[in-house]
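Trainee: First the structure, which I've put down as C-alpha cells, then a few questions once you've had a look.
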Amino acid sequence: MRCPFCGHEDTQVKDSRPNEDGAAIRRRRFCASCGQRFTTIERVQLRELVVTKVDGRRVPFERDKLARSIRIAMRKRPIDEDRIERIVNGLVRQLEASGEVEIASKQLGELVMDTLREVDAVAYVRFASVYRDFREARDFEAILGSLPSLPGVPIPGTTAGDGPASSPAAKPAGTKEGGVREAGPVAAKAR
Ligand SMILES: [Zn+2]
C-alpha cells in the first residue's frame, strides 16, 4: 500500500484487527519513509449496487457517500464512530440481501430514515430535512408526527412540575406541537 502522505511505495502493517461486528479488518500502517501512520479498512464487497436517480440516471452505489451523509446527520450527537460503522454496515447488508442490483435513490433515502429513526431522533430529522429538502414548517410537522418519541431530546414544557394543564405526554397533539417548536432551531443548526 502506497503512503498517502509522501507517496512512498511500501508501508508496513503494524496491527490488524477485525472491527466490532467482524465485517471489516482495520490495518494500522506505518510509513518508514516519512514516519506517518494511517489506517486501511478491508471489507467484502458482495456485488456492485446501482442507485437510480429520480431523473433516470444510474450511478454506482458508494458506501463512503452513504457513510458521509449519516456522519453529517450524527454530528455532535452522542453516537460513537463504531456505532456509525455498524449502522452503515447494517444498511449495506440490507441492500445486498435484498437481491436487487438496483435501488431507487428514494428507496435508499427511506431505508436510511427508517434506520436513523430508531437510533437518534435529531439525526433522523436532520437527515430527513436534507433528503426531503424541507422548505416549510409543516414538512417538519409531518416528519415529527411520524416519530414515536423523541429520545434524548429535551422538549421545554414537558418536564415534571408544569402542572396538569400542560401534560403533553397524555395528549398526542400537545406532544407534536411541542416537538415542532423544538425542531425548528435544532434542524436549522444542522445546516
Ligand atoms: Zn510516507
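Residue numbering restarts at 1 for every chain of the C-alpha cells, chains are lettered A, B, ... in their displayed order, and ligands are numbered from 1 as they appear.
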Which chains and residue numbers are within 7 Å of ligand 1, counting only C-alpha atoms and all ligand atoms, if I want them as a PyMOL selection string?
Mentor: chain A and resi 3-8+31-36
Trainee: With C-alpha atoms retained, write the just-selected residues as a short mmCIF file (atom, residue, chain, number, x, y, z; two decimals), in the first residue's frame.
Mentor:
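Okay, this is what ended up in selection_34.cif:
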```cif
data_model
loop_
_atom_site.label_atom_id
_atom_site.label_comp_id
_atom_site.auth_asym_id
_atom_site.auth_seq_id
_atom_site.Cartn_x
_atom_site.Cartn_y
_atom_site.Cartn_z
CA CYS A 3 1.82 6.02 1.63
CA PRO A 4 -0.90 8.69 1.19
CA PHE A 5 1.35 11.34 2.76
CA CYS A 6 4.62 11.02 0.87
CA GLY A 7 3.80 8.54 -1.90
CA HIS A 8 6.41 6.03 -0.74
CA CYS A 31 5.47 4.60 6.51
CA ALA A 32 9.17 4.17 7.22
CA SER A 33 9.97 6.93 4.77
CA CYS A 34 8.01 9.83 6.33
CA GLY A 35 7.01 8.31 9.67
CA GLN A 36 3.28 8.86 9.18
#
```
Trainee: Write out as a list in words each polymer residue whose atoms come within 7 Å of range 23-29 of chain A, counting only C-alpha atoms; drop sequence neighbours fewer than 3 positions from it.
Mentor: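 The neighbour list is Thr11, Gln12, Val13, Lys14, Asp15, Ser16, Arg17, Pro18, Asn19, Arg37, Phe38, Thr39, Thr40, Ile41, Glu42 and Arg43 of chain A.
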Trainee: Distance table requested - range 27-72 of chain A against range 98-118 of chain A, cut-off 8 Å, only C-alpha atoms: one row per qualifying residue with the closest atom pair and its distance in Å to one decimal, ordered by chain and rising residue number, as CSV.
Mentor:
```
residue,atom,partner,partner_atom,distance
A:Glu48,CA,A:Val101,CA,7.2
A:Leu49,CA,A:Val101,CA,5.3
A:Val50,CA,A:Glu102,CA,4.7
A:Val51,CA,A:Ile103,CA,5.0
A:Thr52,CA,A:Ala104,CA,4.7
A:Lys53,CA,A:Ser105,CA,5.4
A:Val54,CA,A:Ser105,CA,7.1
```
Trainee: Give me, please, the distance in Å between CA of Leu66 in chain A and CA of Leu95 in chain A, quoted to one decimal.
Mentor: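 For CA of Leu66 in chain A relative to CA of Leu95 in chain A, the distance reads 12.0 Å.
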Trainee: Could you please determine the separation between CA of Ile87 in chain A and CA of Met74 in chain A in Å, to one decimal place?
Mentor: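 Those two atoms sit 11.3 Å apart.
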Trainee: Going by DSSP on the backbone, which bits of range 59-106 of chain A are helix (DSSP H, G or I)? Write them as number ranges by chain, please.
Mentor: A: 63-74, 81-97, 105-106
Trainee: Give me, please, the distance in Å between CA of Asn89 in chain A and CA of Arg58 in chain A, quoted to one decimal.
Mentor: 22.2 Å
Trainee: Nearest residue to Ala121 in chain A out of A:Arg2, A:Arg57, A:Arg68, A:Arg77, using only C-alpha atoms?
Mentor: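 Once distances to Ala121 in chain A are computed over only C-alpha atoms, the minimum belongs to A:Arg77.
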Trainee: Just want the 10 Å neighbourhood of Ser69 in chain A, counted on only C-alpha atoms, with same-chain residues fewer than 3 positions away dropped. Output as an MDAnalysis selection string.
Mentor: chainID A and resid 64:66 72:74 112 127 130:131
Trainee: Can you work out which one of A:Glu20, A:Ala97, A:Ile84, A:Leu91 has the shortest atom-to-atom distance to Ala123 in chain A, counting only C-alpha atoms?
Mentor: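 The answer is A:Ile84, which sits nearest to Ala123 in chain A.
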